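Data first, discussion second: the structure below is written as structure tokens.
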Amino acid sequence: MHDEHEERWQTTETEEQFDARMRLVEDEVYTVREAMSIEYLKQHHVPLLYNAVNLRNVQHNPERYEGILRPFYKHPPMDFDAPMNFFFERQSLRWQEFIRFQAHNRGLQTMDEPFLDQAYAAALLREATCGSQWRHIYHNWKVDHSEGRYEEYVNRRKDEMVFLRDQDCEDFVDYQAAVLARLDRNGVQRLDKNNAELPGFILSPRFWDQDPMTTWTEYLAYEYWQMEQYDEDVDDHRPEHDIAYQRLQATVTLGTHETADFLPTEDANLQRRVELDEAYAQFDEATLNFVRLEQRRVMWRDPANTYMMHHRRTRVLAEAQTELEAAEAANDAAVWREEHISEFLNETETYREACDIRARHNHLLAWARSEYDRRMGETLATSGQAVDDSSSRLSVSFQLPSNMSAESVTQWRETSDTSQEEQDITLLSSVSPFAAEVELRNDVEDHSGVGPLCDASLSSAVGQSTLVETVAEEPAAVEQNPVEPAPVELTKIVPPAAAQFSDGRDLSVAPAASTTDTVPPANTSTGPRRSARIAAVHGKATEKPAQQTIQTSRRSEKSSKRAGTSRGGRKRGGSRVVAEEKVRDAEPPAKRTRRRTARR
């Protein structure tokens, strides 16, 4: 009878295969976690710490991107903190903490049971130490749940309602005034390009209804509030630190360079380690020397020298014992010194941690402040308070006439039967000579929809009112002061005729009645287009190498003829060789046909 369980499939996995599989799991979990955090940050209009394209490089080589990761590298200290290399997750946790800070200062409730359970499950998920454990908790978070851990989490959230809020504010009005005062103390000013104060900064009791710029300004004030809290922590622990250092100075002899700031460093630790090793080595050497002299066997060869040998041995042992006692004392002093310094470092660990947190917070503050400046610049540029130099130059050089709007130009382009190039030339005839000169000199610009002329025609989407007001003020000055013709051939530009437009509008600049005779009429003679002129220039550039090639070939023919009539050409048969060369050069070689051979 055959047993169906007799033969079973057995699979074995080597250590290399297991490590490769676990690396794949870690990469997948890292990508999923960071993608979830990125999605959360984008939903709340928070700028990403770095470009997500470098996600895999940051995972495997974070030290190469230390500069951009510094705001959230080992900082800030948070409850249920994320692992060290999950930077987007740390950034999202900081933003969640800021949201709770907003709610606490507005008197909103954050201890609702559904939201609290969800936050507790997320906190348990962040405590996973590997990818497989994260997957396990992600599918069922109750596997790591216990009543004690849940109670601890709830107590921390209750304490946070007291500590994560501005203690000096009684209500929301006081909180808003404190935010403005905190921004002013740190030099954050809301000024336009004329250094004028912008309208008042107003927060909303419903913080989720605020615009992104207002929310980021409040976030910057929150980071400054955190800076003040870190400064208070440093000031609270500084007296204990100073007292402990004075006690250490009274107990142990310190060098002039061994200050309170130098002792916790790696250099000081290395120095003490070297001193201890030297003391241990000196004590061991002295001990071995004394034991060797004590156990040495005395050879009593001459009875007459017995007294001298005994006296010499006693003196050597006394010297070795003195060296041993000195080495032992030095060793005990080094160990005792190290114990007191270690005790001082343990007592002042809280102070040094507070100083480290405060120093790391400077990078986060600088990042938040730079993002605030960038957003403020974009806001001013959008509202028309600040205009970029390049855009202002385009509005002056490629401006439209006063009687022509951007909408009329767009409508005329759609209804006109002429080509795009002729339309551009027609528009150039309507603008100032300086603008036409700049346009015709630009041989690289393309008028198919991306050039400055297109930007001027579509200026209604950017700032049409400002552009029209700027243009309306200039035609009077142009009419009173006639401008000399530009060096470019402007006489070949054709003005638009009345029959070209369906609505009968004239797009040319109409001069004033008092200055009609002073303005010279435009020359309407036809000429080559801009594309034809560019082709002619390229044709001339290609003709020069061809002419040089022809001249070179002629020189080679003359030199060959001279060679035939020279000394070598006087030999018998020289004229025939020259004639054959001429025939060979004149007629192309015959094309040889391929022979097909039959295979036997």
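By convention in this document, the chains of the structure tokens carry letters A, B, ... by their order, each chain's residues are numbered from 1, and ligands are numbered from 1 in the order they are shown.
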
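Near A:Val29, within 9 Å and counting only C-alpha atoms, sit A:Leu24, A:Val25, A:Arg33, A:Glu34, A:Cys130, A:Gly131, A:Ser132, A:Trp134, A:Arg135; same-chain residues fewer than 4 positions away were not included.
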
Residues at most 12 Å from A:Arg90, counting only C-alpha atoms, excluding those fewer than 5 positions away in the same chain, as a PDB file with N, CA and C atoms, in the first residue's frame?
```pdb
ATOM      1  N   ARG A  33       6.076  52.950   3.410  1.00  0.00           N
ATOM      2  CA  ARG A  33       5.951  53.877   4.539  1.00  0.00           C
ATOM      3  C   ARG A  33       6.238  55.317   4.120  1.00  0.00           C
ATOM      4  N   GLU A  34       7.299  55.499   3.352  1.00  0.00           N
ATOM      5  CA  GLU A  34       7.628  56.856   2.915  1.00  0.00           C
ATOM      6  C   GLU A  34       6.587  57.385   1.927  1.00  0.00           C
ATOM      7  N   MET A  36       3.383  56.693   1.972  1.00  0.00           N
ATOM      8  CA  MET A  36       2.242  57.112   2.789  1.00  0.00           C
ATOM      9  C   MET A  36       2.491  58.483   3.424  1.00  0.00           C
ATOM     10  N   SER A  37       3.706  58.710   3.886  1.00  0.00           N
ATOM     11  CA  SER A  37       4.030  60.010   4.486  1.00  0.00           C
ATOM     12  C   SER A  37       4.046  61.115   3.440  1.00  0.00           C
ATOM     13  N   ILE A  38       4.555  60.812   2.247  1.00  0.00           N
ATOM     14  CA  ILE A  38       4.577  61.815   1.176  1.00  0.00           C
ATOM     15  C   ILE A  38       3.158  62.211   0.795  1.00  0.00           C
ATOM     16  N   TYR A  40       0.540  62.127   2.692  1.00  0.00           N
ATOM     17  CA  TYR A  40      -0.010  62.946   3.786  1.00  0.00           C
ATOM     18  C   TYR A  40       0.514  64.379   3.710  1.00  0.00           C
ATOM     19  N   LEU A  41       1.800  64.542   3.447  1.00  0.00           N
ATOM     20  CA  LEU A  41       2.380  65.889   3.372  1.00  0.00           C
ATOM     21  C   LEU A  41       1.808  66.677   2.202  1.00  0.00           C
ATOM     22  N   LEU A  48       8.117  68.957   0.649  1.00  0.00           N
ATOM     23  CA  LEU A  48       8.914  67.786   0.990  1.00  0.00           C
ATOM     24  C   LEU A  48      10.333  68.200   1.362  1.00  0.00           C
ATOM     25  N   LEU A  49      10.916  67.430   2.256  1.00  0.00           N
ATOM     26  CA  LEU A  49      12.272  67.740   2.714  1.00  0.00           C
ATOM     27  C   LEU A  49      13.286  67.631   1.588  1.00  0.00           C
ATOM     28  N   LEU A  69      19.167  66.499   4.682  1.00  0.00           N
ATOM     29  CA  LEU A  69      18.429  65.744   5.698  1.00  0.00           C
ATOM     30  C   LEU A  69      18.609  66.316   7.096  1.00  0.00           C
ATOM     31  N   ARG A  70      19.455  67.303   7.250  1.00  0.00           N
ATOM     32  CA  ARG A  70      19.804  67.801   8.578  1.00  0.00           C
ATOM     33  C   ARG A  70      18.617  68.334   9.381  1.00  0.00           C
ATOM     34  N   PRO A  71      17.602  68.987   8.786  1.00  0.00           N
ATOM     35  CA  PRO A  71      16.478  69.470   9.618  1.00  0.00           C
ATOM     36  C   PRO A  71      15.759  68.371  10.390  1.00  0.00           C
ATOM     37  N   PHE A  72      15.688  67.146   9.836  1.00  0.00           N
ATOM     38  CA  PHE A  72      14.973  66.060  10.510  1.00  0.00           C
ATOM     39  C   PHE A  72      15.889  64.868  10.774  1.00  0.00           C
ATOM     40  N   TYR A  73      17.180  65.112  10.878  1.00  0.00           N
ATOM     41  CA  TYR A  73      18.124  64.035  11.189  1.00  0.00           C
ATOM     42  C   TYR A  73      18.360  64.025  12.701  1.00  0.00           C
ATOM     43  N   LYS A  74      17.893  62.958  13.361  1.00  0.00           N
ATOM     44  CA  LYS A  74      17.947  62.835  14.824  1.00  0.00           C
ATOM     45  C   LYS A  74      17.224  63.992  15.519  1.00  0.00           C
ATOM     46  N   HIS A  75      16.269  64.529  14.858  1.00  0.00           N
ATOM     47  CA  HIS A  75      15.541  65.673  15.401  1.00  0.00           C
ATOM     48  C   HIS A  75      14.209  65.773  14.664  1.00  0.00           C
ATOM     49  N   PRO A  76      13.180  66.254  15.290  1.00  0.00           N
ATOM     50  CA  PRO A  76      13.083  66.647  16.703  1.00  0.00           C
ATOM     51  C   PRO A  76      12.680  65.474  17.572  1.00  0.00           C
ATOM     52  N   PRO A  77      12.842  65.563  18.888  1.00  0.00           N
ATOM     53  CA  PRO A  77      12.395  64.470  19.767  1.00  0.00           C
ATOM     54  C   PRO A  77      10.873  64.424  19.813  1.00  0.00           C
ATOM     55  N   MET A  78      10.321  63.248  19.526  1.00  0.00           N
ATOM     56  CA  MET A  78       8.865  63.118  19.450  1.00  0.00           C
ATOM     57  C   MET A  78       8.411  61.873  20.191  1.00  0.00           C
ATOM     58  N   ASP A  79       7.179  61.898  20.595  1.00  0.00           N
ATOM     59  CA  ASP A  79       6.573  60.755  21.251  1.00  0.00           C
ATOM     60  C   ASP A  79       6.323  59.656  20.218  1.00  0.00           C
ATOM     61  N   PHE A  80       6.673  58.418  20.542  1.00  0.00           N
ATOM     62  CA  PHE A  80       6.583  57.299  19.604  1.00  0.00           C
ATOM     63  C   PHE A  80       7.321  57.664  18.308  1.00  0.00           C
ATOM     64  N   ASP A  81       8.594  57.931  18.454  1.00  0.00           N
ATOM     65  CA  ASP A  81       9.368  58.460  17.342  1.00  0.00           C
ATOM     66  C   ASP A  81       9.527  57.409  16.249  1.00  0.00           C
ATOM     67  N   ALA A  82       9.683  57.905  15.018  1.00  0.00           N
ATOM     68  CA  ALA A  82       9.908  57.027  13.873  1.00  0.00           C
ATOM     69  C   ALA A  82      11.373  56.603  13.839  1.00  0.00           C
ATOM     70  N   PRO A  83      11.707  55.544  13.107  1.00  0.00           N
ATOM     71  CA  PRO A  83      13.116  55.175  12.949  1.00  0.00           C
ATOM     72  C   PRO A  83      13.929  56.303  12.334  1.00  0.00           C
ATOM     73  N   MET A  84      15.234  56.169  12.433  1.00  0.00           N
ATOM     74  CA  MET A  84      16.103  57.284  12.109  1.00  0.00           C
ATOM     75  C   MET A  84      16.094  57.631  10.633  1.00  0.00           C
ATOM     76  N   ASN A  85      16.012  56.649   9.741  1.00  0.00           N
ATOM     77  CA  ASN A  85      16.164  56.922   8.313  1.00  0.00           C
ATOM     78  C   ASN A  85      14.835  57.123   7.592  1.00  0.00           C
ATOM     79  N   TRP A  95       4.472  67.516  11.610  1.00  0.00           N
ATOM     80  CA  TRP A  95       3.296  68.281  11.185  1.00  0.00           C
ATOM     81  C   TRP A  95       2.058  67.865  11.980  1.00  0.00           C
ATOM     82  N   GLN A  96       1.920  66.590  12.300  1.00  0.00           N
ATOM     83  CA  GLN A  96       0.807  66.154  13.139  1.00  0.00           C
ATOM     84  C   GLN A  96       0.891  66.767  14.534  1.00  0.00           C
ATOM     85  N   GLU A  97       2.097  66.877  15.040  1.00  0.00           N
ATOM     86  CA  GLU A  97       2.275  67.538  16.337  1.00  0.00           C
ATOM     87  C   GLU A  97       1.875  69.004  16.266  1.00  0.00           C
ATOM     88  N   ARG A 126       4.585  52.273  14.163  1.00  0.00           N
ATOM     89  CA  ARG A 126       5.891  52.923  14.035  1.00  0.00           C
ATOM     90  C   ARG A 126       6.954  52.277  14.905  1.00  0.00           C
TER      91      ARG A 126
END
```

Applying 9 Å and only C-alpha atoms, which residues near stretch 137-139 of chain A remain after dropping the ones on its own chain fewer than 2 positions away? List them as a list of chain:residue names. A:Ala121, A:Ala122, A:Leu124, A:Leu125, A:Ala128, A:Ser132, A:Gln133, A:Trp134, A:Arg135, A:Trp141, A:Lys142, A:Val143, A:Asp144

For those residues, write C-alpha atoms to a file as a short mmCIF file (atom, residue, chain, number, x, y, z; two decimals), in the first residue's frame.
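File produced: selection-v4.cif:
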```cif
data_model
loop_
_atom_site.label_atom_id
_atom_site.label_comp_id
_atom_site.auth_asym_id
_atom_site.auth_seq_id
_atom_site.Cartn_x
_atom_site.Cartn_y
_atom_site.Cartn_z
CA ALA A 121 -2.60 51.99 16.11
CA ALA A 122 -0.28 54.20 14.05
CA LEU A 124 2.24 50.83 17.48
CA LEU A 125 2.99 50.47 13.79
CA ALA A 128 8.19 47.98 14.29
CA SER A 132 8.30 41.74 8.37
CA GLN A 133 7.16 42.97 11.78
CA TRP A 134 5.72 46.09 10.19
CA ARG A 135 3.72 43.96 7.76
CA TRP A 141 -2.38 46.04 14.92
CA LYS A 142 -3.96 44.31 17.91
CA VAL A 143 -1.19 41.70 18.04
CA ASP A 144 1.00 44.21 19.94
#
```

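Take the candidates A:Arg165, A:His340, A:His237, A:His311 and check each one against A:Ala250 using only C-alpha atoms; the shortest distance goes to A:His340.
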
Please list as an MDAnalysis selection string every residue within 12 Å of A:Leu293, counting only C-alpha atoms and excluding residues in the same chain fewer than 3 positions away. chainID A and resid 286:290 296:298 312:321

Selection export as an mmCIF file, in the first residue's frame, atoms kept: C-alpha atoms:
```cif
data_model
loop_
_atom_site.group_PDB
_atom_site.id
_atom_site.type_symbol
_atom_site.label_atom_id
_atom_site.label_comp_id
_atom_site.auth_asym_id
_atom_site.auth_seq_id
_atom_site.Cartn_x
_atom_site.Cartn_y
_atom_site.Cartn_z
ATOM 1 C CA ALA A 286 56.471 47.214 37.431
ATOM 2 C CA THR A 287 54.678 44.158 38.815
ATOM 3 C CA LEU A 288 56.482 41.778 36.455
ATOM 4 C CA ASN A 289 59.855 43.357 37.242
ATOM 5 C CA PHE A 290 59.375 42.974 40.992
ATOM 6 C CA ARG A 296 65.527 35.072 40.964
ATOM 7 C CA ARG A 297 67.733 32.273 42.301
ATOM 8 C CA VAL A 298 70.977 33.412 44.037
ATOM 9 C CA ARG A 312 72.816 43.974 46.576
ATOM 10 C CA ARG A 313 69.690 41.799 46.285
ATOM 11 C CA THR A 314 67.977 43.665 49.092
ATOM 12 C CA ARG A 315 68.708 47.036 47.474
ATOM 13 C CA VAL A 316 67.391 45.947 44.032
ATOM 14 C CA LEU A 317 64.202 44.537 45.537
ATOM 15 C CA ALA A 318 63.601 47.779 47.436
ATOM 16 C CA GLU A 319 63.968 49.829 44.251
ATOM 17 C CA ALA A 320 61.592 47.512 42.361
ATOM 18 C CA GLN A 321 59.082 47.708 45.203
#
```

Need to verify the contact set: stretch 366-372 of chain A, 10 Å, only C-alpha atoms, exclusion of same-chain residues closer than 4 positions in sequence. Can you return it as a short mmCIF file (atom, residue, chain, number, x, y, z; two decimals) with C-alpha atoms, in the first residue's frame?
```
data_model
loop_
_atom_site.label_atom_id
_atom_site.label_comp_id
_atom_site.auth_asym_id
_atom_site.auth_seq_id
_atom_site.Cartn_x
_atom_site.Cartn_y
_atom_site.Cartn_z
CA VAL A 46 3.69 70.75 3.21
CA PRO A 47 6.88 70.97 1.11
CA LEU A 49 12.27 67.74 2.71
CA ILE A 68 19.42 68.24 2.98
CA ARG A 70 19.80 67.80 8.58
CA PRO A 71 16.48 69.47 9.62
CA VAL A 188 9.82 87.88 10.54
CA MET A 213 0.46 80.73 3.41
CA THR A 214 -1.26 81.57 6.69
CA TRP A 216 2.86 78.00 7.11
CA THR A 217 3.31 81.33 8.89
CA TYR A 219 3.93 76.79 11.62
CA LEU A 220 6.99 79.06 11.56
CA ALA A 221 5.73 80.71 14.75
CA GLU A 223 8.93 76.36 15.50
CA TYR A 224 9.99 79.60 17.17
CA HIS A 361 16.70 72.89 15.98
CA ASN A 362 18.59 75.69 14.23
CA MET A 376 6.03 85.11 0.61
CA GLY A 377 7.90 86.03 -2.58
CA GLU A 378 5.51 83.95 -4.67
#
```

Taking the DSSP assignment computed from this structure's backbone, write out as an MDAnalysis selection string all residues of stretch 138-331 of chain A that belong to helix (DSSP H, G or I). chainID A and resid 138:139 141:144 147:163 172:185 207:209 212:251 266:294 303:331

Produce a file of the selected residues containing C-alpha atoms, as a short mmCIF file (atom, residue, chain, number, x, y, z; two decimals), in the first residue's frame.
```cif
data_model
loop_
_atom_site.label_atom_id
_atom_site.label_comp_id
_atom_site.auth_asym_id
_atom_site.auth_seq_id
_atom_site.Cartn_x
_atom_site.Cartn_y
_atom_site.Cartn_z
CA TYR A 138 -0.10 46.57 9.59
CA HIS A 139 -2.52 43.72 8.86
CA TRP A 141 -2.38 46.04 14.92
CA LYS A 142 -3.96 44.31 17.91
CA VAL A 143 -1.19 41.70 18.04
CA ASP A 144 1.00 44.21 19.94
CA GLU A 147 -4.26 47.57 28.10
CA GLY A 148 -1.16 48.87 29.79
CA ARG A 149 0.31 50.27 26.60
CA TYR A 150 -2.99 51.88 25.65
CA GLU A 151 -3.29 53.50 29.08
CA GLU A 152 0.26 54.81 28.81
CA TYR A 153 -0.50 56.31 25.40
CA VAL A 154 -3.67 58.00 26.67
CA ASN A 155 -1.80 59.49 29.64
CA ARG A 156 0.84 60.91 27.33
CA ARG A 157 -1.80 62.53 25.19
CA LYS A 158 -3.41 64.04 28.28
CA ASP A 159 -0.07 65.48 29.38
CA GLU A 160 0.41 66.80 25.87
CA MET A 161 -2.80 68.82 26.17
CA VAL A 162 -1.10 70.75 28.98
CA PHE A 163 2.46 71.04 27.69
CA PHE A 172 -7.62 82.27 20.98
CA VAL A 173 -7.30 86.07 20.88
CA ASP A 174 -4.28 85.96 23.17
CA TYR A 175 -2.81 83.16 21.08
CA GLN A 176 -3.06 85.19 17.87
CA ALA A 177 -1.42 88.19 19.55
CA ALA A 178 1.35 85.92 20.87
CA VAL A 179 1.99 84.56 17.37
CA LEU A 180 2.40 88.08 15.96
CA ALA A 181 4.67 89.11 18.84
CA ARG A 182 6.81 85.98 18.42
CA LEU A 183 7.25 86.61 14.70
CA ASP A 184 8.25 90.22 15.37
CA ARG A 185 10.80 89.21 18.02
CA PHE A 207 -7.48 76.17 11.27
CA TRP A 208 -8.34 73.71 8.49
CA ASP A 209 -10.02 76.57 6.59
CA PRO A 212 -1.53 77.51 2.94
CA MET A 213 0.46 80.73 3.41
CA THR A 214 -1.26 81.57 6.69
CA THR A 215 -0.84 78.00 7.92
CA TRP A 216 2.86 78.00 7.11
CA THR A 217 3.31 81.33 8.89
CA GLU A 218 1.67 79.84 11.96
CA TYR A 219 3.93 76.79 11.62
CA LEU A 220 6.99 79.06 11.56
CA ALA A 221 5.73 80.71 14.75
CA TYR A 222 5.28 77.22 16.23
CA GLU A 223 8.93 76.36 15.50
CA TYR A 224 9.99 79.60 17.17
CA TRP A 225 7.83 78.63 20.16
CA GLN A 226 9.65 75.30 20.27
CA MET A 227 12.97 77.19 20.16
CA GLU A 228 11.91 79.16 23.22
CA GLN A 229 10.99 75.93 25.00
CA TYR A 230 14.41 74.45 24.20
CA ASP A 231 16.11 77.63 25.46
CA GLU A 232 14.19 77.36 28.72
CA ASP A 233 15.29 73.73 29.11
CA VAL A 234 18.92 74.73 28.64
CA ASP A 235 18.60 77.56 31.16
CA ASP A 236 16.91 75.27 33.71
CA HIS A 237 19.71 72.67 33.63
CA ARG A 238 22.66 75.08 33.40
CA PRO A 239 22.96 75.79 37.20
CA GLU A 240 23.20 72.07 38.00
CA HIS A 241 25.81 71.69 35.29
CA ASP A 242 27.93 74.55 36.64
CA ILE A 243 27.78 73.23 40.21
CA ALA A 244 28.82 69.75 39.09
CA TYR A 245 31.78 71.13 37.15
CA GLN A 246 32.98 73.17 40.12
CA ARG A 247 32.80 70.07 42.31
CA LEU A 248 34.81 68.15 39.72
CA GLN A 249 37.50 70.84 39.66
CA ALA A 250 37.80 70.66 43.43
CA THR A 251 38.12 66.87 43.36
CA GLU A 266 35.32 62.27 21.53
CA ASP A 267 38.79 63.83 21.75
CA ALA A 268 38.57 64.02 25.52
CA ASN A 269 37.35 60.43 25.72
CA LEU A 270 40.26 59.29 23.56
CA GLN A 271 42.72 61.23 25.72
CA ARG A 272 41.44 59.62 28.93
CA ARG A 273 41.53 56.21 27.29
CA VAL A 274 45.19 56.67 26.37
CA GLU A 275 46.05 57.82 29.90
CA LEU A 276 44.36 54.75 31.37
CA ASP A 277 46.17 52.40 29.00
CA GLU A 278 49.53 53.95 29.87
CA ALA A 279 48.82 53.64 33.60
CA TYR A 280 47.78 49.97 33.20
CA ALA A 281 50.88 49.18 31.14
CA GLN A 282 53.22 50.89 33.63
CA PHE A 283 51.67 49.03 36.55
CA ASP A 284 51.90 45.67 34.78
CA GLU A 285 55.54 46.26 33.86
CA ALA A 286 56.47 47.21 37.43
CA THR A 287 54.68 44.16 38.81
CA LEU A 288 56.48 41.78 36.46
CA ASN A 289 59.86 43.36 37.24
CA PHE A 290 59.37 42.97 40.99
CA VAL A 291 58.23 39.35 40.70
CA ARG A 292 61.18 38.52 38.43
CA LEU A 293 63.70 39.96 40.91
CA GLU A 294 62.02 38.32 43.86
CA PRO A 303 81.25 32.23 50.47
CA ALA A 304 83.33 35.38 50.93
CA ASN A 305 80.86 37.41 48.84
CA THR A 306 77.75 36.23 50.62
CA TYR A 307 77.25 39.46 52.48
CA MET A 308 77.70 41.59 49.35
CA MET A 309 75.26 39.49 47.33
CA HIS A 310 72.65 39.68 50.05
CA HIS A 311 73.08 43.45 50.36
CA ARG A 312 72.82 43.97 46.58
CA ARG A 313 69.69 41.80 46.28
CA THR A 314 67.98 43.66 49.09
CA ARG A 315 68.71 47.04 47.47
CA VAL A 316 67.39 45.95 44.03
CA LEU A 317 64.20 44.54 45.54
CA ALA A 318 63.60 47.78 47.44
CA GLU A 319 63.97 49.83 44.25
CA ALA A 320 61.59 47.51 42.36
CA GLN A 321 59.08 47.71 45.20
CA THR A 322 59.24 51.51 45.13
CA GLU A 323 58.59 51.53 41.39
CA LEU A 324 55.71 49.12 41.86
CA GLU A 325 54.11 51.28 44.52
CA ALA A 326 54.47 54.41 42.34
CA ALA A 327 52.93 52.63 39.33
CA GLU A 328 50.09 51.34 41.49
CA ALA A 329 49.40 54.84 42.82
CA ALA A 330 49.42 56.31 39.31
CA ASN A 331 47.06 53.57 38.16
#
```

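Going from atom CA of A:Ala334 to atom CA of A:Leu254 covers 11.8 Å.
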